Every structure is written in structure tokens, then in C-alpha cells.
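Pasted below: target_29.csv, CSV, C-alpha atoms and all ligand atoms.
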```
chain,number,residue,atom,x,y,z
Y,1,MET,CA,-4.6,20.4,20.4
Y,2,VAL,CA,-4.4,18.6,17.1
Y,3,SER,CA,-7.6,18.3,15.3
Y,4,LEU,CA,-7.3,16.1,12.2
Y,5,THR,CA,-11.1,15.9,11.9
Y,6,GLY,CA,-11.2,18.7,9.4
Y,7,LEU,CA,-9.0,17.0,6.9
Y,8,PRO,CA,-10.3,14.8,4.1
Y,9,ARG,CA,-9.4,11.2,4.9
Y,10,VAL,CA,-10.2,7.7,3.6
Y,11,ARG,CA,-9.9,4.5,5.6
Y,12,LEU,CA,-7.1,2.4,4.2
Y,13,ALA,CA,-5.2,1.2,7.3
Y,14,SER,CA,-6.2,-1.2,10.1
Y,15,LEU,CA,-5.7,0.9,13.2
Y,16,PRO,CA,-4.5,1.0,15.9
Y,17,THR,CA,-1.5,-1.2,15.1
Y,18,PRO,CA,-0.2,-3.2,18.0
Y,19,LEU,CA,2.5,-1.9,20.4
Y,20,GLU,CA,4.4,-5.1,21.5
Y,21,ALA,CA,7.2,-5.9,23.9
Y,22,ALA,CA,10.4,-7.4,22.4
Y,23,PRO,CA,11.6,-9.2,25.5
Y,24,ARG,CA,14.0,-11.6,23.8
Y,25,LEU,CA,15.6,-8.9,21.8
Y,26,SER,CA,15.9,-6.6,24.8
Y,27,GLU,CA,17.5,-9.4,26.8
Y,28,THR,CA,19.9,-10.3,24.1
Y,29,LEU,CA,21.2,-6.7,23.8
Y,30,GLY,CA,21.2,-6.2,27.5
Y,31,GLY,CA,20.4,-2.5,27.3
Y,32,PRO,CA,17.0,-0.7,27.3
Y,33,ALA,CA,13.6,-2.3,27.1
Y,34,ILE,CA,12.5,-2.2,23.5
Y,35,TRP,CA,9.0,-2.0,22.2
Y,36,LEU,CA,7.8,-2.6,18.7
Y,37,LYS,CA,5.1,-0.4,17.1
Y,38,ARG,CA,3.8,-2.6,14.4
Y,39,ASP,CA,3.1,-0.3,11.5
Y,40,ASP,CA,4.2,-3.2,9.2
Y,41,LEU,CA,0.6,-4.4,10.1
Y,42,THR,CA,-1.3,-1.5,8.7
Y,43,GLY,CA,-2.8,-3.9,6.3
Y,44,LEU,CA,-3.0,-2.1,3.0
Y,45,ALA,CA,-1.4,-4.6,0.4
Y,46,MET,CA,1.1,-6.1,2.9
Y,47,GLY,CA,1.3,-3.1,5.2
Y,48,GLY,CA,3.8,-0.4,6.1
Y,49,ASN,CA,4.0,3.3,7.1
Y,50,LYS,CA,2.6,4.6,3.8
Y,51,ALA,CA,-0.9,3.4,4.7
Y,52,ARG,CA,-1.2,6.2,7.3
Y,53,LYS,CA,0.1,8.8,4.9
Y,54,LEU,CA,-2.2,7.6,2.1
Y,55,GLU,CA,-5.3,7.9,4.2
Y,56,PHE,CA,-4.9,11.7,4.1
Y,57,LEU,CA,-3.2,12.0,0.7
Y,58,MET,CA,-5.9,9.9,-1.0
Y,59,GLY,CA,-8.4,11.9,0.9
Y,60,GLU,CA,-7.1,15.0,-0.9
Y,61,ALA,CA,-7.0,13.1,-4.2
Y,62,ARG,CA,-10.7,12.1,-3.8
Y,63,GLU,CA,-11.7,15.6,-2.7
Y,64,SER,CA,-10.1,17.0,-5.9
Y,65,ASN,CA,-12.1,14.5,-8.0
Y,66,ALA,CA,-8.9,13.0,-9.4
Y,67,ARG,CA,-9.1,10.0,-11.6
Y,68,LEU,CA,-5.4,9.3,-11.9
Y,69,VAL,CA,-2.8,9.2,-9.1
Y,70,ILE,CA,0.8,9.8,-10.1
Y,71,THR,CA,3.8,9.1,-7.9
Y,72,ALA,CA,7.4,7.8,-8.2
Y,73,GLY,CA,10.1,5.9,-6.4
Y,74,GLY,CA,12.7,3.1,-6.7
Y,75,GLN,CA,11.7,-0.3,-8.2
Y,76,GLN,CA,11.2,-1.7,-4.7
Y,77,SER,CA,9.3,1.4,-3.5
Y,78,ASN,CA,6.8,0.4,-0.8
Y,79,HIS,CA,5.2,3.8,-1.3
Y,80,CYS,CA,4.5,3.0,-5.0
Y,81,ARG,CA,3.1,-0.4,-4.2
Y,82,MET,CA,0.7,0.9,-1.6
Y,83,THR,CA,-0.3,3.9,-3.7
Y,84,ALA,CA,-1.2,1.5,-6.5
Y,85,ALA,CA,-3.3,-0.6,-4.2
Y,86,ALA,CA,-5.0,2.5,-2.6
Y,87,ALA,CA,-5.9,3.8,-6.1
Y,88,ARG,CA,-7.6,0.5,-7.0
Y,89,LYS,CA,-9.5,0.5,-3.8
Y,90,LEU,CA,-10.8,4.0,-4.6
Y,91,GLY,CA,-11.5,3.3,-8.3
Y,92,MET,CA,-8.7,5.5,-9.6
Y,93,ARG,CA,-5.9,4.7,-12.0
Y,94,CYS,CA,-2.2,4.9,-11.0
Y,95,LEU,CA,0.9,5.9,-12.9
Y,96,LEU,CA,4.3,5.1,-11.4
Y,97,LEU,CA,7.6,6.5,-12.4
Y,98,LEU,CA,10.3,4.0,-11.3
Y,99,THR,CA,14.0,4.5,-11.4
Y,100,GLY,CA,16.3,2.2,-13.4
Y,101,GLU,CA,15.5,0.0,-16.4
Y,102,PRO,CA,12.8,-2.7,-16.6
Y,103,PRO,CA,14.2,-5.9,-15.1
Y,104,ALA,CA,13.9,-9.3,-16.7
Y,105,THR,CA,11.6,-10.6,-13.9
Y,106,ALA,CA,9.6,-8.7,-11.3
Y,107,GLN,CA,9.8,-9.5,-7.6
Y,108,GLY,CA,8.6,-8.0,-4.4
Y,109,ASN,CA,7.0,-4.5,-4.6
Y,110,LEU,CA,7.4,-4.3,-8.4
Y,111,LEU,CA,5.5,-7.6,-8.9
Y,112,LEU,CA,2.7,-6.1,-6.7
Y,113,ASP,CA,2.7,-2.9,-8.8
Y,114,MET,CA,2.1,-5.0,-11.8
Y,115,LEU,CA,-0.6,-7.1,-10.1
Y,116,PHE,CA,-2.5,-3.8,-9.2
Y,117,GLY,CA,-2.3,-2.9,-12.9
Y,118,ALA,CA,-0.3,0.4,-12.3
Y,119,GLU,CA,1.0,2.0,-15.5
Y,120,LEU,CA,4.8,1.8,-15.1
Y,121,GLN,CA,7.3,4.2,-16.7
Y,122,PHE,CA,11.0,3.4,-16.1
Y,123,VAL,CA,13.0,6.6,-16.1
Y,124,GLY,CA,16.6,5.3,-15.9
Y,125,ASP,CA,19.3,6.4,-13.5
Y,126,VAL,CA,17.6,9.4,-11.7
Y,127,GLY,CA,18.3,10.5,-8.1
Y,128,PHE,CA,15.4,10.9,-5.7
Y,129,LEU,CA,15.5,14.7,-5.7
Y,130,GLU,CA,15.4,14.9,-9.5
Y,131,LEU,CA,12.7,12.4,-9.5
Y,132,ASP,CA,10.3,14.9,-7.8
Y,133,ASP,CA,11.0,17.4,-10.7
Y,134,LEU,CA,10.4,14.8,-13.3
Y,135,LEU,CA,7.1,13.9,-11.5
Y,136,LYS,CA,5.9,17.5,-11.8
Y,137,GLU,CA,6.6,17.5,-15.6
Y,138,VAL,CA,4.7,14.2,-16.1
Y,139,PHE,CA,1.8,15.6,-13.9
Y,140,GLU,CA,1.6,18.8,-16.0
Y,141,ARG,CA,1.4,16.8,-19.2
Y,142,GLN,CA,-1.3,14.5,-17.9
Y,143,ARG,CA,-3.3,17.5,-16.6
Y,144,ARG,CA,-3.1,19.2,-20.0
Y,145,ASP,CA,-4.3,16.0,-21.6
Y,146,GLY,CA,-7.4,16.0,-19.4
Y,147,LYS,CA,-6.5,13.0,-17.3
Y,148,GLU,CA,-7.5,14.7,-14.0
Y,149,PRO,CA,-4.4,13.6,-12.2
Y,150,PHE,CA,-3.3,14.0,-8.5
Y,151,LEU,CA,0.4,14.2,-7.7
Y,152,ILE,CA,1.9,12.5,-4.7
Y,153,PRO,CA,5.6,13.4,-4.2
Y,154,VAL,CA,8.3,10.7,-3.8
Y,155,GLY,CA,7.6,8.8,-0.5
Y,156,GLY,CA,4.3,10.7,0.0
Y,157,ALA,CA,6.4,13.5,1.5
Y,158,ALA,CA,3.7,16.1,1.7
Y,159,ALA,CA,1.9,17.8,4.5
Y,160,ALA,CA,-1.2,15.6,4.3
Y,161,GLY,CA,0.9,12.5,4.4
Y,162,SER,CA,2.7,13.7,7.6
Y,163,ALA,CA,-0.7,14.4,9.2
Y,164,GLY,CA,-1.0,10.6,9.3
Y,165,TYR,CA,2.0,10.4,11.6
Y,166,VAL,CA,0.9,13.3,13.8
Y,167,SER,CA,-2.2,11.2,14.4
Y,168,ALA,CA,0.0,8.1,15.0
Y,169,VAL,CA,1.6,9.8,18.0
Y,170,ARG,CA,-1.8,10.2,19.6
Y,171,GLU,CA,-2.3,6.4,19.1
Y,172,ILE,CA,1.1,5.6,20.6
Y,173,SER,CA,0.5,8.0,23.5
Y,174,ASP,CA,-2.8,6.3,24.3
Y,175,GLN,CA,-1.2,2.9,24.1
Y,176,THR,CA,1.8,3.8,26.4
Y,177,LYS,CA,-0.6,5.3,28.9
Y,178,GLU,CA,-2.8,2.3,29.0
Y,179,MET,CA,0.2,0.0,29.3
Y,180,GLY,CA,1.9,2.1,32.0
Y,181,LEU,CA,5.0,2.8,29.9
Y,182,SER,CA,7.1,6.0,29.7
Y,183,PRO,CA,9.5,5.4,26.8
Y,184,HIS,CA,12.2,7.9,26.0
Y,185,TYR,CA,13.0,7.3,22.4
Y,186,LEU,CA,11.2,6.6,19.2
Y,187,PHE,CA,13.5,5.1,16.6
Y,188,HIS,CA,12.5,4.7,12.9
Y,189,ALA,CA,13.9,4.7,9.4
Y,190,THR,CA,13.8,8.0,7.7
Y,191,GLY,CA,13.8,8.3,3.9
Y,192,SER,CA,11.7,11.1,2.3
Y,193,CYS,CA,11.3,12.5,5.8
Y,194,GLY,CA,7.5,12.9,6.1
Y,195,THR,CA,7.2,10.3,8.7
Y,196,GLN,CA,9.8,12.0,10.9
Y,197,ALA,CA,8.1,15.4,10.4
Y,198,GLY,CA,4.7,14.1,11.5
Y,199,LEU,CA,6.2,12.2,14.5
Y,200,THR,CA,8.2,15.2,15.7
Y,201,ILE,CA,5.1,17.5,15.5
Y,202,GLY,CA,3.0,14.9,17.4
Y,203,ALA,CA,5.6,14.2,20.0
Y,204,LYS,CA,6.1,18.0,20.7
Y,205,ALA,CA,2.5,19.0,20.6
Y,206,LEU,CA,1.3,16.2,22.8
Y,207,GLU,CA,4.3,16.7,25.2
Y,208,THR,CA,4.9,13.0,25.2
Y,209,GLY,CA,8.6,13.3,26.3
Y,210,LEU,CA,9.4,11.0,23.4
Y,211,ARG,CA,12.6,11.8,21.5
Y,212,VAL,CA,12.2,11.1,17.8
Y,213,VAL,CA,15.3,9.5,16.3
Y,214,GLY,CA,15.3,9.2,12.5
Y,215,VAL,CA,17.9,6.8,11.0
Y,216,SER,CA,18.8,7.9,7.5
Y,217,VAL,CA,18.6,5.4,4.7
Y,218,ARG,CA,19.8,7.8,2.0
Y,219,TYR,CA,20.5,11.5,2.8
Y,220,ASP,CA,23.1,13.2,5.0
Y,221,GLU,CA,22.0,14.8,8.3
Y,222,ARG,CA,21.8,18.3,6.9
Y,223,THR,CA,19.5,17.3,4.0
Y,224,ILE,CA,17.2,15.4,6.4
Y,225,ARG,CA,17.0,18.2,8.9
Y,226,ASP,CA,16.1,20.7,6.1
Y,227,ARG,CA,13.5,18.3,4.7
Y,228,VAL,CA,11.9,17.5,8.1
Y,229,LYS,CA,11.7,21.2,9.0
Y,230,ARG,CA,10.2,22.2,5.7
Y,231,ILE,CA,7.6,19.4,5.7
Y,232,ALA,CA,6.8,20.0,9.4
Y,233,GLY,CA,6.2,23.7,8.6
Y,234,GLU,CA,3.8,22.7,5.8
Y,235,THR,CA,2.0,20.2,8.0
Y,236,THR,CA,1.5,22.5,11.0
Y,237,ALA,CA,0.1,25.1,8.5
Y,238,LEU,CA,-2.3,22.5,7.0
Y,239,LEU,CA,-3.4,21.6,10.6
Y,240,GLY,CA,-3.7,25.2,11.7
Y,241,MET,CA,-1.3,24.6,14.6
Y,242,ASP,CA,0.8,27.3,16.2
Y,243,LEU,CA,4.0,25.2,16.6
Y,244,GLN,CA,7.5,25.5,15.2
Y,245,ILE,CA,9.8,22.5,14.6
Y,246,ALA,CA,13.5,23.3,15.1
Y,247,ASP,CA,16.7,21.3,15.0
Y,248,GLU,CA,16.7,20.7,18.7
Y,249,ASP,CA,13.3,19.0,18.5
Y,250,PHE,CA,14.5,15.8,16.8
Y,251,ASP,CA,17.6,13.6,16.2
Y,252,VAL,CA,19.0,12.3,13.0
Y,253,LEU,CA,21.6,9.5,12.7
Y,254,ASP,CA,23.2,9.4,9.2
Y,255,GLY,CA,26.1,7.0,9.9
Y,256,TYR,CA,24.2,3.8,9.0
Y,257,VAL,CA,23.5,4.3,5.2
Y,258,GLY,CA,26.6,2.4,4.1
Y,259,ASP,CA,27.2,2.3,0.4
Y,260,GLY,CA,23.8,3.9,-0.4
Y,261,TYR,CA,20.1,3.6,-0.6
Y,262,ALA,CA,18.9,-0.1,-0.7
Y,263,LYS,CA,22.4,-1.4,-0.3
Y,264,PRO,CA,22.3,-3.5,2.9
Y,265,THR,CA,25.3,-3.0,5.3
Y,266,ALA,CA,26.7,-5.9,7.4
Y,267,GLY,CA,25.0,-4.3,10.4
Y,268,CYS,CA,21.7,-4.2,8.6
Y,269,LEU,CA,21.8,-7.9,7.6
Y,270,GLU,CA,22.8,-8.8,11.2
Y,271,ALA,CA,19.8,-6.8,12.5
Y,272,VAL,CA,17.4,-8.6,10.0
Y,273,ARG,CA,18.7,-11.9,11.1
Y,274,LEU,CA,18.7,-11.1,14.9
Y,275,LEU,CA,15.1,-9.9,14.9
Y,276,ALA,CA,14.1,-13.1,13.0
Y,277,LEU,CA,15.8,-15.3,15.5
Y,278,THR,CA,14.8,-13.5,18.7
Y,279,GLU,CA,11.3,-12.3,18.0
Y,280,GLY,CA,10.2,-14.1,14.8
Y,281,LEU,CA,9.9,-10.7,13.2
Y,282,ILE,CA,10.6,-9.8,9.6
Y,283,LEU,CA,12.6,-6.6,8.9
Y,284,ASP,CA,13.4,-5.4,5.4
Y,285,PRO,CA,17.0,-4.9,4.1
Y,286,THR,CA,16.4,-1.3,2.9
Y,287,TYR,CA,14.7,0.6,5.7
Y,288,THR,CA,13.9,-1.2,9.0
Y,289,GLY,CA,17.1,-3.4,8.9
Y,290,LYS,CA,19.2,-0.2,8.8
Y,291,ALA,CA,17.1,1.5,11.5
Y,292,MET,CA,17.4,-1.5,13.8
Y,293,ALA,CA,21.2,-1.7,13.1
Y,294,ALA,CA,21.5,1.8,14.4
Y,295,LEU,CA,19.5,1.0,17.5
Y,296,ILE,CA,21.7,-2.1,18.2
Y,297,ASP,CA,24.8,-0.1,17.6
Y,298,GLN,CA,23.7,2.7,20.0
Y,299,VAL,CA,23.1,0.0,22.7
Y,300,ARG,CA,26.5,-1.7,22.1
Y,301,ASN,CA,28.4,1.6,22.2
Y,302,GLY,CA,26.8,2.6,25.5
Y,303,LYS,CA,24.7,5.5,24.2
Y,304,LEU,CA,21.5,3.7,25.2
Y,305,GLY,CA,21.5,1.8,28.5
Y,306,PRO,CA,19.0,0.2,30.9
Y,307,GLY,CA,16.3,2.7,31.7
Y,308,ASP,CA,16.4,4.4,28.2
Y,309,ASP,CA,13.3,2.7,27.0
Y,310,VAL,CA,12.8,2.7,23.2
Y,311,ILE,CA,9.9,2.3,20.9
Y,312,PHE,CA,11.1,1.0,17.5
Y,313,LEU,CA,8.6,2.0,14.8
Y,314,HIS,CA,8.4,-0.9,12.4
Y,315,THR,CA,7.6,0.9,9.1
Y,316,GLY,CA,7.1,-2.2,7.0
Y,317,GLY,CA,8.9,-3.0,3.8
Y,318,THR,CA,8.0,-6.7,3.9
Y,319,PRO,CA,7.8,-7.4,0.2
Y,320,GLY,CA,11.4,-6.1,-0.2
Y,321,VAL,CA,12.6,-9.2,1.5
Y,322,PHE,CA,11.6,-11.3,-1.5
Y,323,ALA,CA,13.4,-9.0,-3.9
Y,324,SER,CA,16.7,-9.5,-1.9
Y,325,SER,CA,16.5,-13.2,-1.6
Y,326,GLU,CA,20.2,-13.8,-2.7
Y,327,THR,CA,21.7,-11.4,-0.3
Y,328,LEU,CA,19.5,-12.6,2.6
Y,329,CYS,CA,20.2,-16.3,1.8
Y,330,ARG,CA,23.9,-15.6,2.0
Y,331,ALA,CA,23.5,-13.6,5.2
Y,332,CYS,CA,21.6,-16.6,6.8
Y,333,GLU,CA,24.3,-19.1,5.6
Y,334,SER,CA,27.3,-17.1,6.8
Y,335,SER,CA,25.7,-15.8,10.1
Y,336,ASP,CA,27.2,-16.9,13.3
Y,337,LEU,CA,24.2,-15.8,15.4
S,401,LIG,C1,8.9,5.0,3.1
S,401,LIG,C2,9.5,4.1,4.1
S,401,LIG,C3,10.2,4.6,5.2
S,401,LIG,C4,10.5,6.1,5.3
S,401,LIG,O1,9.4,7.0,5.5
S,401,LIG,P1,9.6,8.4,5.0
S,401,LIG,O2,8.3,9.1,5.4
S,401,LIG,O3,9.7,8.4,3.5
S,401,LIG,O4,10.8,9.0,5.6
S,401,LIG,C5,10.6,3.8,6.2
S,401,LIG,N1,10.4,2.5,6.1
S,401,LIG,C6,9.7,1.9,5.1
S,401,LIG,C7,9.6,0.4,5.1
S,401,LIG,C8,9.3,2.7,4.0
S,401,LIG,O5,8.6,2.2,3.0
```
Produce C-alpha cells that represent the structure in this file.
Ligand SMILES: *Cc1c(COP(=O)(O)O)cnc(C)c1O
Amino acid sequence: MVSLTGLPRVRLASLPTPLEAAPRLSETLGGPAIWLKRDDLTGLAMGGNKARKLEFLMGEARESNARLVITAGGQQSNHCRMTAAAARKLGMRCLLLLTGEPPATAQGNLLLDMLFGAELQFVGDVGFLELDDLLKEVFERQRRDGKEPFLIPVGGAAAAGSAGYVSAVREISDQTKEMGLSPHYLFHATGSCGTQAGLTIGAKALETGLRVVGVSVRYDERTIRDRVKRIAGETTALLGMDLQIADEDFDVLDGYVGDGYAKPTAGCLEAVRLLALTEGLILDPTYTGKAMAALIDQVRNGKLGPGDDVIFLHTGGTPGVFASSETLCRACESSDL
């Protein structure tokens, strides 16, 4: 089936990442057995899901002889932080467009962007969909100026990036076979949707029986479905696969966004705290906390019960914890867990 061997790729991630049981969490919730796929441990500049995407995206960048990589995101973008690190590792420069105004002090991902010497342009109050248009304009200007740039869309949401998650399903499938597991669901946070596109292709092509459940951290269900299907179409074309991804092939939960992107809900803060207390595990307040809040809620409202075994894909986001220290301190002090 899927041959990724023809695609340009650079080694950036430590793979395979562990697939670990979460016995104390599973017992506390009293529902399905939960397993953690530790893509927070991919290793590139503090880890996260973008390392798998960047192996193929930066492979393309290198093949096109680019000298400058341009991408964009929020100030606490994990994607921007890891792109800045990957660019340094490959001897390229990096230009980041970041939403909002320059803050008085830099923390978390932004601090690391600075450490990696990325050129930062703050673009003000711009939505994620407009940010991709702005990125194209900046790219064109840099190209005309002879900077030999390579453009990576917001979140690395492009076919080559998703190929990294098609390949991740092979890794998960090998691990579950070896461990004698047959999980039913694969929960993860979905933002720019490339991770979900790759996972859905992999799960269907390899006939894993795994249902991919994306928990939205910003868009409504319709927007996510359209993005996943578009990126999946581009990815199967890149891989030369004869496979269609349709709405029935994956699930989207859009009821856990709360007040918006990067605004932690009460459920998210509870999830961050619960995983810390039961498994000694760090979740982040923007992505993995909301995805875990959804999983916890699905168990509590009876939608997932014993026998519905779940793999939770930990997509990283660790530096974001330090950029939310006030919110998290308050959550720890007021928590009755
Ligand atoms: C980017 C990101 C996601 C979402 O992945 P997409 O491919 O953009 O949907 C989830 N979790 C973390 C920590 C991320 O940085």
C-alpha cells in the first residue's frame, strides 16, 4: 500500500514514539482502557506533532534548494517554534508571521522562536484563514527579492506534512500488533487539520479498524470536515494512492472549543490537572488539554464505555504550559481533584 519512500524526507524526529498504557487515568475514569501515543516525545526542540510533518515538508524545502522557510501562526504556535528549529538544523533561515502585537516579554514558544533566531513579523489581529493569504503575499515578495523562499502553510497543513501522519499510522499499527491491542478510537486535537487528514488516510488504507476522532480547537465541524477532505485529497494524490476520504471515514467533535482558540475551558484545565495527577504527564492548555477534556466527557456521558479502547495521540505543545503560568497556577490552587 502506502509507499512513502519516494518522497523527499529529512530526519528530524525520534521515532518510533512510545505507545504507553495510562492505567491510573483509565481506572479513575472507569470507562475504556486508554493508551497514550507520545508524539510529545518526537524530540525536535521540545517535541510535538509538527516534527513528523516537518520531516516531509523540509524534505521538499531542501529538494527545492530553498534558503529561507516562511510560515505563520499564533504567538504560541508550536508549528512556528519547530519550523524555526528545523530550519537551523538544515542551515536555512526562517521567517515567521505571528498574530497580535509584540509582547513585553517572550515566554514559551515565542521565547524559543527568538532563541532560534527566526525573523519575526507581528501582523496584528488576523484570523487563521486570512493568515494563509498574507503568507502567500510575503512569500511572493521574498521570491521576487531573490531570497529563494519555501512556503509552509499555517500549521504545516499541506500534503507533504500529512504524509508524516499517514506514516505514523503504520507505526501505531505495528505497535498495537506487537502489544496485542485492538483499539477502537484514536483521539487527537485538530487545528489546521493536516494531522487528521493523514491519520484518516492511514487508518483507512491499512484497515486498522481505528476510528479517528478529531477534537476541534478552533473551527466548526463543517470547516474541519472540508479542510480534512481537501488536504486528504492532496495527500493521496502526492502519494499516488487510489483512495477517497469521505465524511463517514472520520469523526469531528466541535463542542469543546469554548470561547475560542487558545482560551482554556474549565474542562481543559481539569484535564491538564487530572493527567498531571494520575499519570505524571504534561498536557498543554491550547490543544491536548481540550482533546483530553473531550475524551473525559465522552466517557462521563456514556458514549465511551469499557471495551471501547482508546489511543490518545499526545500531539505535544509542552512550551505552551509556561506561557499560561497564571491560568495554570490558578487552576491548581482552586482544583478539588
Ligand atoms: C498543531 C498542533 C495540533 C493540531 O495539528 P493540526 O495538524 O494542525 O490539526 C495539535 N496539537 C498540538 C500541540 C499542535 O501543536
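If you look at CA of Ser167 (chain Y) and CA of Met241 (chain Y), they are 13.4 Å away from each other.
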Exercise. What is the CA of His188 (chain Y) to CA of His314 (chain Y) distance in Å?
Worked result: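 Those two atoms sit 7.0 Å apart.
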Problem set entry | Within 7 Å of Leu36 (chain Y) using only C-alpha atoms, minus same-chain residues under 6 positions, as an MDAnalysis selection string | chainID Y and resid 19:22 311:314
For this session: Would you list the contacts of Ala293 (chain Y) as a list in words, taking every protein, DNA or RNA residue within 8 Å and counting all atoms listed in the file, but skipping same-chain residues closer than 3 positions in sequence?
Result: Tyr256, Gly267, Cys268, Glu270, Ala271, Gly289, Lys290, Ile296 and Asp297 of chain Y
For this session: Could you check how far CA of Met46 (chain Y) sits from CA of Arg88 (chain Y), in Å to one decimal?
Result: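 Interatomic distance here is 14.7 Å.
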Exercise. What residues have any atom no more than 7 Å from ligand LIG 401 (chain S) when counting only C-alpha atoms and all ligand atoms, and can you list them as an MDAnalysis selection string?
Worked result: chainID Y and resid 48:50 77:79 155:157 189:196 284 287:288 315:317
For this session: Considering all atoms listed in the file, return as an NGL selection string whatever protein or nucleic-acid residues lie within 12 Å of Leu181 (chain Y), sequence-local ones (same chain, fewer than 3 positions apart) excluded.
Result: :Y and (19-21 or 33-35 or 172-178 or 184-185 or 208-210 or 307-311)
